[in-house]
Number of protein chains: 2
Amino acid sequence: MKQKRFILQENELPTAWYNIQADMPIKPMPPIHPATKQPLGVDDLAHIFPRECCVQELDTEHDFIPIPEEVLDKYKSYRSTPLVRAYALEEALQTPAHIYFKNESVNPLGSHKINSALPQCYYAKQEGTTNVTTETGAGQWGAALAYAASVFGLEAAVYQVKISMQQKPYRSSIMRTFGAAVTGSPSMSTRAGKDIITRDPHHPGSLGTAISEAVELATTTPNCKYTLGSVLNHVGLHQTIIGLEAEKQMTMAGEYPDVVIACFGGGSNFGGIAFPFMRHNLKDGKKTEFIAAEPESCPKLTRGEFRYDFGDEAGYTPLLPMFTLGHSFKPANIHAGGLRYHGAGVIISQLLKDGLMHGVDIPQLESFEAGMLFARTEGIIPAPESSHAIAAAIREAQKCKQTGEEKVILFNLSGHGLIDMSAYDQYLNGDLINYRVSDQDIEQTLKSVPE
Amino acid sequence: MKQKRFILQENELPTAWYNIQADMPIKPMPPIHPATKQPLGVDDLAHIFPRECCVQELDTEHDFIPIPEEVLDKYKSYRSTPLVRAYALEEALQTPAHIYFKNESVNPLGSHKINSALPQCYYAKQEGTTNVTTETGAGQWGAALAYAASVFGLEAAVYQVKISMQQKPYRSSIMRTFGAAVTGSPSMSTRAGKDIITRDPHHPGSLGTAISEAVELATTTPNCKYTLGSVLNHVGLHQTIIGLEAEKQMTMAGEYPDVVIACFGGGSNFGGIAFPFMRHNLKDGKKTEFIAAEPESCPKLTRGEFRYDFGDEAGYTPLLPMFTLGHSFKPANIHAGGLRYHGAGVIISQLLKDGLMHGVDIPQLESFEAGMLFARTEGIIPAPESSHAIAAAIREAQKCKQTGEEKVILFNLSGHGLIDMSAYDQYLNGDLINYRVSDQDIEQTLKSVPE
């Protein structure tokens with residue numbers, strides 16, 4: 001019988017993260033101050049984030065960064081995650097391709113987010129921080145952060161987009177179970193929130209409002225640091241534990257991926273699985289293809305521009321060099337809430353610019369169709385975000401069927417969809433639609449990018 | 001650093017289930033016909049269930065029953081589940097005990113139920129069945145059955161308790177995602193359902209009504225078989241994959257359990273983890289203690305009587321020799337829906353009678369307190385059912401703290417609670433209460449047991 005799952009024993013777990021910045025042929029451009037346009041250093045960023053995260057953010061020298069013993073200890077309570085050969089999916093597709101997925105859905109809280117929440121909270125604690133804060137949309141990141149904070153004895157305050165809080169009440173319950181204070185944003189607890197509510201009492205909230213409130217709380221509270229679930233370099237660094245494990249597990253399977261795929265919101269899950277394999281393209285002459293699957297409704301990789309732009313809607317963050325649709329871009333209300341972000345992380349943006357990876361955009365209905373097929377064949381109901389990666393993998397597998405190629409396809413199953421069942425209900429009832437953005441709309445929102 | 005997780009590689013998976021009936025000092029008494037009081041044989045049961053399941057049900061000879069290749073192949077897509085040393089929980093309790101849990105929450109659909117759904121559907125398919133039907137309360141079993149049916153190309157019809165369907169809509173969405181037809185019970189689709197609705201148009205449904213409808217559908221539809229998620233011997237047999245894996249994994253950990261604990265509804269999850277270890281009590285002189293954790297509101301093991309009783313509320317099933325509260329017993333509406341059953345499976349009842357295991361009853365609030373502590377220490381939000389096992393394990397660990405004993409405690413984490421967050425919400429809001437059953441109530445419902 002053919003082997004299906006590949007698991008590392010505890011003593012085989014990677015003990016360092018991979019920092020692709022050290023190996024990039026063209027280094028990422030620095031974050032800059034919106035007013036002075038000067039590059040920002042560790043000291044500037046450390047007002048907001050844990051200092052060690054800022055050091056990692058700007059580190060272009062060290063290719064491997066040791067995972068602190070205490071973080072590794074926590075990783076060991078749930079890692080490695082399985083690498084699974086998706087034989088049943090292959091059979092359903094009648095493809096000669098070999099499809100593998102890395103199953104991050106079995107992590108605590110059901111997604112890859114915990115891999116970065118743990119080190120961010122660990123570093124915060126080490127530096128004497130007592131409180132952490134963050135924003136969350138659908139709540140995957142907020143839940144992971146709430147758990148990680150409780151692990152390291154920190155108080156967590158999470159600003160959750162108000163409309164998401166109402167739509168997915170289970171996720172705020174999860175955060176509360178771990179002891180986090182969850183506030184719907186915009187709220188009356190910050191100046192930013194009050195301003196917004198004064199202007200618009202019924203504002204439904206957005207990641208923009210939630211970021212503003214969380215950053216304000218962090219900068220006005222002693223011993224409080226802000227944490228982020230994606231976009232930034234250090235978040236992607238922590239997520240490379242996924243790809244480093246997958247690399248060893250592919251070796252167990254006796255294969256090496258021709259194609260590596262992940263869904264794409266800010267880039268941490270994509271970078272997590274892709275960078276360790278991209279290393280071998282950069283250094284060992286491998287020719288793996290890297291595909292980031294973004295939603296058709298938020299196509300920054302395939303239709304955005306490479307520009308210095310704000311990381312948030314309101315324009316409070318440093319300027320980052322990124323592929324962007326303009327920070328005023330408002331993505332349609334698709335169910336893959338984690339992919340509704342206007343820009344791509346700095347490292348990814350540089351790699352895309354240099355032709356080392358590419359994006360594909362997936363219509364919402366295609367993503368759900370792929371998710372349904374995956375559920376019925378592999379028995380795991382995927383998060384709507386992850387279904388974008390599945391859809392891209394299916395496209396590749398179908399190409400193989402036409403050409404007869406036995407390509408090895410690896411994708412990251414970033415999370416399960418058990419808290420998103422209302423989305424599946426709507427799909428089954430035929431109530432979902434696609435949202436294609438017009439060129440005019442993108443042209444319009446790109447005007448919000450500062451000169 | 002101490003090892004936390006123990007995982008079997010695929011070639012180490014057990015290839016046969018363990019049938020404790022072969023080793024029991026006193027064999028279970030047979031199911032009997034309610035009217036004739038004659039023992040029922042395979043042919044009698046095979047009108048309702050897949051024949052091979054009936055053979056297993058009554059097999060008191062073979063101690064190991066090979067797992068069919070096709071089922072093993074499906075097991076390999078998610079098994080082994082991890083055995084985890086709960087260091088963080090131990091630390092929180094300041095106990096010298098070594099606490100291990102078998103993590104069945106990472107299975108497809110989030111619980112142990114899939115382990116028996118797969119073989120039941122496989123056997124049904126092998127025998128030329130095209131349709132399967134079942135009842136489900138909260139929906140864990142229905143979801144597992146729906147997936148297993150889709151795996152083996154069977155049509156599934158699930159009768160879900162109407163009130164549960166309304167309270168936990170996500171679980172019916174999950175079943176529909178796998179293509180199952182889900183009907184709230186009582187329904188107008190069966191004679192039994194129509195009778196009930198005619199008498200009481202607003203009947204909220206119960207496992208009793210749902211069983212009646214599913215059994216009627218199975219017996220009046222060509223090529224349709226009924227499947228069950230617990231109680232019966234063959235279901236417990238399939239679940240022994242849990243304990244057989246755990247046995248190998250405890251060896252990897254260099255320990256052997258002094259105490260084995262599982263929550264208790266009908267007995268399949270308890271039998272699943274306990275029987276393979278109980279084998280060594282029966283054959284090799286081991287002295288492991290086996291504790292079944294039942295809810296205080298449904299105390300058939302601790303306060304029920306050993307009698308021949310019906311398996312369902314309505315009295316449509318054969319009579320089974322069981323510890324029972326009387327089939328008319330209506331458990332309080334606790335959140336651990338999977339434990340709300342009036343009787344114990346036949347094998348367990350005999351083992352309890354013979355003093356080879358014992359039960360403890362856990363108040364609802366203690367179960368949630370235990371679940372919260374487990375979530376915050378180990379990062380997994382447990383199903384309310386599983387929290388009963390955690391509570392019992394905590395009691396044992398606290399005894400060790402007092403005595404200084406370094407006992408090895410193993411419990412089964414039968415499922416996660418991500419679909420049950422509304423229950424945690426109510427707990428956090430202080431809205432949950434305990435339900436202790438009075439002696440008079442039990443005396444009353446025991447009168448429903450036939451003479």
# chains A, B, ... in the order shown; residues from 1 in each chain; ligands from 1
$ residues_around --residues "Leu351 (chain A)" --least-positions-apart "4" --cutoff "12 Å" --atoms "only C-alpha atoms" --output "number ranges by chain"
A: 20-21, 23-29, 267, 271, 274-275, 278-279, 282, 290-292, 301, 306, 321-323, 344-347, 355-359
$ residues_around --residues "Thr198 (chain A)" --least-positions-apart "4" --cutoff "12 Å" --atoms "only C-alpha atoms" --output "VMD selection string"
chain A and resid 186 to 188 191 to 194 202 to 203
$ interface_residues --of "chain B" --to "chain A" --cutoff "7 Å" --atoms "only C-alpha atoms" --output "list of chain:residue names"
B:Gln3, B:Lys4, B:Arg5, B:Glu10, B:Lys76, B:Ser77, B:Val106, B:Pro108, B:Leu109, B:Tyr147, B:Ser150, B:Val151, B:Tyr170, B:Ser173, B:Ile174, B:Thr177, B:Phe178, B:Met372, B:Arg376, B:Thr377, B:Gly379, B:Ile380, B:Met421, B:Ser422, B:Asp425
$ closest_residue --among "B:Thr219, B:Thr251, B:Ser230, B:Ser438" --to "Ser297 (chain B)" --atoms "only C-alpha atoms"
B:Ser438
$ atom_distance --atom1 "CA of Lys102 (chain B)" --atom2 "CA of Ile394 (chain B)"
15.4 Å
$ select_by_dssp --residues "region 272-403 of chain B" --states "strand (DSSP E)" --output "VMD selection string"
chain B and resid 289 to 295 305 to 310 319 to 324 358 to 362
$ write_last_selection --atoms "N, CA, C and O atoms" --output "mmCIF file, in the first residue's frame"
data_model
loop_
_atom_site.group_PDB
_atom_site.id
_atom_site.type_symbol
_atom_site.label_atom_id
_atom_site.label_comp_id
_atom_site.auth_asym_id
_atom_site.auth_seq_id
_atom_site.Cartn_x
_atom_site.Cartn_y
_atom_site.Cartn_z
ATOM 1 N N GLU B 289 -6.337 0.982 36.039
ATOM 2 C CA GLU B 289 -7.696 1.346 36.461
ATOM 3 C C GLU B 289 -8.402 2.006 35.271
ATOM 4 O O GLU B 289 -7.803 2.844 34.584
ATOM 5 N N PHE B 290 -9.660 1.657 35.035
ATOM 6 C CA PHE B 290 -10.397 2.203 33.898
ATOM 7 C C PHE B 290 -11.581 3.011 34.393
ATOM 8 O O PHE B 290 -12.427 2.495 35.126
ATOM 9 N N ILE B 291 -11.624 4.273 33.997
ATOM 10 C CA ILE B 291 -12.661 5.176 34.502
ATOM 11 C C ILE B 291 -13.463 5.762 33.345
ATOM 12 O O ILE B 291 -12.904 6.404 32.447
ATOM 13 N N ALA B 292 -14.762 5.543 33.378
ATOM 14 C CA ALA B 292 -15.670 6.121 32.381
ATOM 15 C C ALA B 292 -16.326 7.347 33.001
ATOM 16 O O ALA B 292 -16.968 7.251 34.044
ATOM 17 N N ALA B 293 -16.162 8.503 32.348
ATOM 18 C CA ALA B 293 -16.664 9.765 32.906
ATOM 19 C C ALA B 293 -18.003 10.111 32.268
ATOM 20 O O ALA B 293 -18.079 10.485 31.103
ATOM 21 N N GLU B 294 -19.051 9.966 33.045
ATOM 22 C CA GLU B 294 -20.391 10.263 32.526
ATOM 23 C C GLU B 294 -20.878 11.571 33.146
ATOM 24 O O GLU B 294 -20.370 12.011 34.179
ATOM 25 N N PRO B 295 -21.864 12.230 32.516
ATOM 26 C CA PRO B 295 -22.375 13.469 33.109
ATOM 27 C C PRO B 295 -23.257 13.155 34.318
ATOM 28 O O PRO B 295 -23.987 12.166 34.324
ATOM 29 N N GLU B 305 -29.331 0.666 36.699
ATOM 30 C CA GLU B 305 -29.440 -0.763 37.045
ATOM 31 C C GLU B 305 -29.110 -1.624 35.846
ATOM 32 O O GLU B 305 -29.360 -1.238 34.704
ATOM 33 N N PHE B 306 -28.569 -2.820 36.112
ATOM 34 C CA PHE B 306 -28.260 -3.748 35.026
ATOM 35 C C PHE B 306 -29.537 -4.519 34.681
ATOM 36 O O PHE B 306 -30.003 -5.332 35.461
ATOM 37 N N ARG B 307 -30.101 -4.244 33.506
ATOM 38 C CA ARG B 307 -31.387 -4.846 33.108
ATOM 39 C C ARG B 307 -31.424 -5.019 31.582
ATOM 40 O O ARG B 307 -30.658 -4.389 30.852
ATOM 41 N N TYR B 308 -32.301 -5.857 31.091
ATOM 42 C CA TYR B 308 -32.603 -5.879 29.653
ATOM 43 C C TYR B 308 -33.501 -4.691 29.356
ATOM 44 O O TYR B 308 -34.589 -4.577 29.941
ATOM 45 N N ASP B 309 -33.055 -3.800 28.454
ATOM 46 C CA ASP B 309 -33.858 -2.607 28.160
ATOM 47 C C ASP B 309 -33.764 -2.297 26.663
ATOM 48 O O ASP B 309 -32.876 -2.785 25.956
ATOM 49 N N PHE B 310 -34.665 -1.458 26.215
ATOM 50 C CA PHE B 310 -34.617 -1.014 24.826
ATOM 51 C C PHE B 310 -33.460 -0.034 24.609
ATOM 52 O O PHE B 310 -33.105 0.730 25.514
ATOM 53 N N LEU B 319 -34.045 -5.892 22.748
ATOM 54 C CA LEU B 319 -33.700 -5.643 24.151
ATOM 55 C C LEU B 319 -32.231 -5.971 24.355
ATOM 56 O O LEU B 319 -31.739 -7.004 23.888
ATOM 57 N N LEU B 320 -31.533 -5.077 25.042
ATOM 58 C CA LEU B 320 -30.098 -5.240 25.262
ATOM 59 C C LEU B 320 -29.818 -5.299 26.764
ATOM 60 O O LEU B 320 -30.435 -4.550 27.534
ATOM 61 N N PRO B 321 -28.882 -6.176 27.168
ATOM 62 C CA PRO B 321 -28.536 -6.239 28.590
ATOM 63 C C PRO B 321 -27.613 -5.079 28.939
ATOM 64 O O PRO B 321 -26.458 -5.046 28.521
ATOM 65 N N MET B 322 -28.092 -4.130 29.679
ATOM 66 C CA MET B 322 -27.303 -2.903 29.875
ATOM 67 C C MET B 322 -27.549 -2.233 31.229
ATOM 68 O O MET B 322 -28.598 -2.413 31.831
ATOM 69 N N PHE B 323 -26.561 -1.494 31.672
ATOM 70 C CA PHE B 323 -26.818 -0.552 32.757
ATOM 71 C C PHE B 323 -27.669 0.560 32.169
ATOM 72 O O PHE B 323 -27.305 1.166 31.163
ATOM 73 N N THR B 324 -28.805 0.792 32.801
ATOM 74 C CA THR B 324 -29.761 1.727 32.207
ATOM 75 C C THR B 324 -30.459 2.545 33.290
ATOM 76 O O THR B 324 -30.546 2.126 34.449
ATOM 77 N N HIS B 358 -14.872 1.227 36.275
ATOM 78 C CA HIS B 358 -15.922 1.913 37.024
ATOM 79 C C HIS B 358 -16.226 3.271 36.421
ATOM 80 O O HIS B 358 -15.489 3.775 35.572
ATOM 81 N N GLY B 359 -17.340 3.822 36.844
ATOM 82 C CA GLY B 359 -17.768 5.107 36.324
ATOM 83 C C GLY B 359 -17.611 6.215 37.362
ATOM 84 O O GLY B 359 -17.566 5.943 38.565
ATOM 85 N N VAL B 360 -17.475 7.450 36.884
ATOM 86 C CA VAL B 360 -17.584 8.618 37.771
ATOM 87 C C VAL B 360 -18.547 9.581 37.094
ATOM 88 O O VAL B 360 -18.625 9.632 35.868
ATOM 89 N N ASP B 361 -19.295 10.318 37.898
ATOM 90 C CA ASP B 361 -20.206 11.279 37.286
ATOM 91 C C ASP B 361 -19.697 12.696 37.522
ATOM 92 O O ASP B 361 -19.284 13.063 38.620
ATOM 93 N N ILE B 362 -19.715 13.477 36.450
ATOM 94 C CA ILE B 362 -19.104 14.813 36.450
ATOM 95 C C ILE B 362 -20.193 15.872 36.274
ATOM 96 O O ILE B 362 -20.940 15.840 35.296
#
$ select_by_dssp --residues "region 281-399 of chain B" --states "alpha helix (DSSP H)" --output "JSON, numbers by chain"
{"B": [281, 282, 283, 284, 300, 301, 302, 303, 346, 347, 348, 349, 350, 351, 352, 353, 364, 365, 366, 367, 368, 369, 370, 371, 372, 373, 374, 375, 376, 377, 378, 384, 385, 386, 387, 388, 389, 390, 391, 392, 393, 394, 395, 396, 397, 398, 399]}
$ atom_distance --atom1 "CA of Asp44 (chain A)" --atom2 "CA of His234 (chain A)"
15.6 Å
$ atom_distance --atom1 "CA of Gly272 (chain A)" --atom2 "CA of Ile409 (chain A)"
16.1 Å
$ residues_around --residues "region 128-133 of chain B" --least-positions-apart "6" --cutoff "10 Å" --atoms "only C-alpha atoms" --output "ChimeraX atom specification"
/B:49-50,120-122,142,145-146,149,152-159,180-182,211,213-218,221-228
$ write_last_selection --atoms "N, CA, C and O atoms" --output "CSV table (one decimal), in the first residue's frame"
chain,number,residue,atom,x,y,z
B,49,PHE,N,-28.7,-3.9,9.9
B,49,PHE,CA,-27.3,-3.4,9.8
B,49,PHE,C,-26.6,-4.2,8.7
B,49,PHE,O,-27.0,-5.3,8.4
B,50,PRO,N,-25.5,-3.7,8.2
B,50,PRO,CA,-24.6,-4.5,7.3
B,50,PRO,C,-24.3,-5.8,8.0
B,50,PRO,O,-24.0,-5.8,9.2
B,120,GLN,N,-18.2,0.9,8.7
B,120,GLN,CA,-19.7,0.6,8.5
B,120,GLN,C,-20.1,0.9,7.1
B,120,GLN,O,-20.8,0.1,6.5
B,121,CYS,N,-19.6,2.0,6.5
B,121,CYS,CA,-20.0,2.3,5.1
B,121,CYS,C,-19.3,1.4,4.2
B,121,CYS,O,-19.8,0.9,3.1
B,122,TYR,N,-18.0,1.0,4.5
B,122,TYR,CA,-17.3,0.0,3.6
B,122,TYR,C,-18.1,-1.3,3.5
B,122,TYR,O,-18.3,-1.8,2.4
B,142,GLY,N,-23.3,12.2,12.6
B,142,GLY,CA,-23.9,12.4,11.3
B,142,GLY,C,-22.9,13.0,10.3
B,142,GLY,O,-22.8,12.6,9.1
B,145,LEU,N,-20.5,10.1,9.4
B,145,LEU,CA,-21.2,9.2,8.5
B,145,LEU,C,-21.3,9.8,7.1
B,145,LEU,O,-21.2,9.1,6.1
B,146,ALA,N,-21.7,11.1,7.0
B,146,ALA,CA,-21.9,11.7,5.7
B,146,ALA,C,-20.6,11.7,4.9
B,146,ALA,O,-20.6,11.4,3.7
B,149,ALA,N,-19.8,8.0,3.9
B,149,ALA,CA,-20.7,7.6,2.8
B,149,ALA,C,-20.2,8.1,1.5
B,149,ALA,O,-20.2,7.4,0.4
B,152,PHE,N,-17.2,6.1,0.1
B,152,PHE,CA,-17.5,4.8,-0.5
B,152,PHE,C,-18.7,4.9,-1.6
B,152,PHE,O,-19.2,3.9,-2.0
B,153,GLY,N,-19.0,6.1,-1.9
B,153,GLY,CA,-20.0,6.3,-3.0
B,153,GLY,C,-21.4,5.8,-2.6
B,153,GLY,O,-22.2,5.3,-3.4
B,154,LEU,N,-21.8,6.0,-1.3
B,154,LEU,CA,-23.2,5.7,-0.9
B,154,LEU,C,-24.0,7.0,-0.7
B,154,LEU,O,-23.4,8.0,-0.4
B,155,GLU,N,-25.3,6.9,-0.9
B,155,GLU,CA,-26.1,8.0,-0.6
B,155,GLU,C,-26.4,7.9,1.0
B,155,GLU,O,-26.7,6.9,1.5
B,156,ALA,N,-26.4,9.1,1.6
B,156,ALA,CA,-26.6,9.1,3.1
B,156,ALA,C,-27.8,9.9,3.4
B,156,ALA,O,-28.0,11.0,2.9
B,157,ALA,N,-28.7,9.4,4.2
B,157,ALA,CA,-29.8,10.2,4.7
B,157,ALA,C,-29.7,10.2,6.3
B,157,ALA,O,-29.7,9.2,6.9
B,158,VAL,N,-29.6,11.4,6.8
B,158,VAL,CA,-29.4,11.6,8.2
B,158,VAL,C,-30.6,12.3,8.8
B,158,VAL,O,-31.1,13.3,8.4
B,159,TYR,N,-31.1,11.6,9.9
B,159,TYR,CA,-32.2,12.3,10.7
B,159,TYR,C,-31.6,13.0,11.8
B,159,TYR,O,-30.9,12.3,12.7
B,180,ALA,N,-24.9,14.7,2.0
B,180,ALA,CA,-25.9,13.9,2.7
B,180,ALA,C,-27.2,14.7,2.7
B,180,ALA,O,-27.3,16.0,2.7
B,181,ALA,N,-28.4,14.0,2.7
B,181,ALA,CA,-29.7,14.6,2.8
B,181,ALA,C,-29.9,14.6,4.3
B,181,ALA,O,-29.9,13.6,5.0
B,182,VAL,N,-30.1,15.8,4.9
B,182,VAL,CA,-30.3,16.0,6.3
B,182,VAL,C,-31.8,16.4,6.5
B,182,VAL,O,-32.3,17.3,5.9
B,211,ILE,N,-34.0,7.9,15.7
B,211,ILE,CA,-33.7,6.5,15.5
B,211,ILE,C,-34.9,5.8,14.9
B,211,ILE,O,-34.8,5.1,13.9
B,213,GLU,N,-37.2,7.0,12.9
B,213,GLU,CA,-37.3,7.4,11.5
B,213,GLU,C,-36.2,6.7,10.7
B,213,GLU,O,-36.5,6.2,9.6
B,214,ALA,N,-35.0,6.7,11.2
B,214,ALA,CA,-33.9,6.1,10.4
B,214,ALA,C,-34.1,4.6,10.3
B,214,ALA,O,-33.9,4.1,9.2
B,215,VAL,N,-34.5,3.9,11.3
B,215,VAL,CA,-34.7,2.5,11.2
B,215,VAL,C,-35.9,2.2,10.3
B,215,VAL,O,-35.8,1.3,9.4
B,216,GLU,N,-36.9,3.0,10.3
B,216,GLU,CA,-38.0,2.8,9.4
B,216,GLU,C,-37.6,3.0,8.0
B,216,GLU,O,-37.9,2.2,7.1
B,217,LEU,N,-36.8,4.0,7.7
B,217,LEU,CA,-36.3,4.2,6.3
B,217,LEU,C,-35.4,3.0,5.9
B,217,LEU,O,-35.6,2.5,4.7
B,218,ALA,N,-34.6,2.5,6.8
B,218,ALA,CA,-33.7,1.4,6.4
B,218,ALA,C,-34.5,0.2,6.1
B,218,ALA,O,-34.2,-0.6,5.1
B,221,THR,N,-36.7,0.5,2.7
B,221,THR,CA,-36.0,1.0,1.5
B,221,THR,C,-35.1,-0.2,1.0
B,221,THR,O,-34.3,-0.7,1.7
B,222,PRO,N,-35.3,-0.6,-0.3
B,222,PRO,CA,-34.4,-1.6,-0.8
B,222,PRO,C,-32.9,-1.1,-0.8
B,222,PRO,O,-32.7,0.1,-1.0
B,223,ASN,N,-32.0,-2.0,-0.5
B,223,ASN,CA,-30.6,-1.7,-0.5
B,223,ASN,C,-30.2,-0.5,0.4
B,223,ASN,O,-29.3,0.2,0.1
B,224,CYS,N,-30.9,-0.4,1.5
B,224,CYS,CA,-30.6,0.6,2.5
B,224,CYS,C,-30.3,0.0,3.8
B,224,CYS,O,-31.0,-0.9,4.3
B,225,LYS,N,-29.2,0.4,4.5
B,225,LYS,CA,-28.9,-0.1,5.8
B,225,LYS,C,-28.8,1.0,6.8
B,225,LYS,O,-28.5,2.2,6.5
B,226,TYR,N,-29.0,0.6,8.0
B,226,TYR,CA,-28.9,1.6,9.2
B,226,TYR,C,-27.6,1.5,9.8
B,226,TYR,O,-27.0,0.4,9.9
B,227,THR,N,-27.0,2.6,10.2
B,227,THR,CA,-25.7,2.6,10.9
B,227,THR,C,-25.9,3.4,12.2
B,227,THR,O,-26.8,4.2,12.4
B,228,LEU,N,-24.9,3.1,13.1
B,228,LEU,CA,-25.1,3.6,14.5
B,228,LEU,C,-23.7,4.1,14.9
B,228,LEU,O,-22.7,3.5,14.6
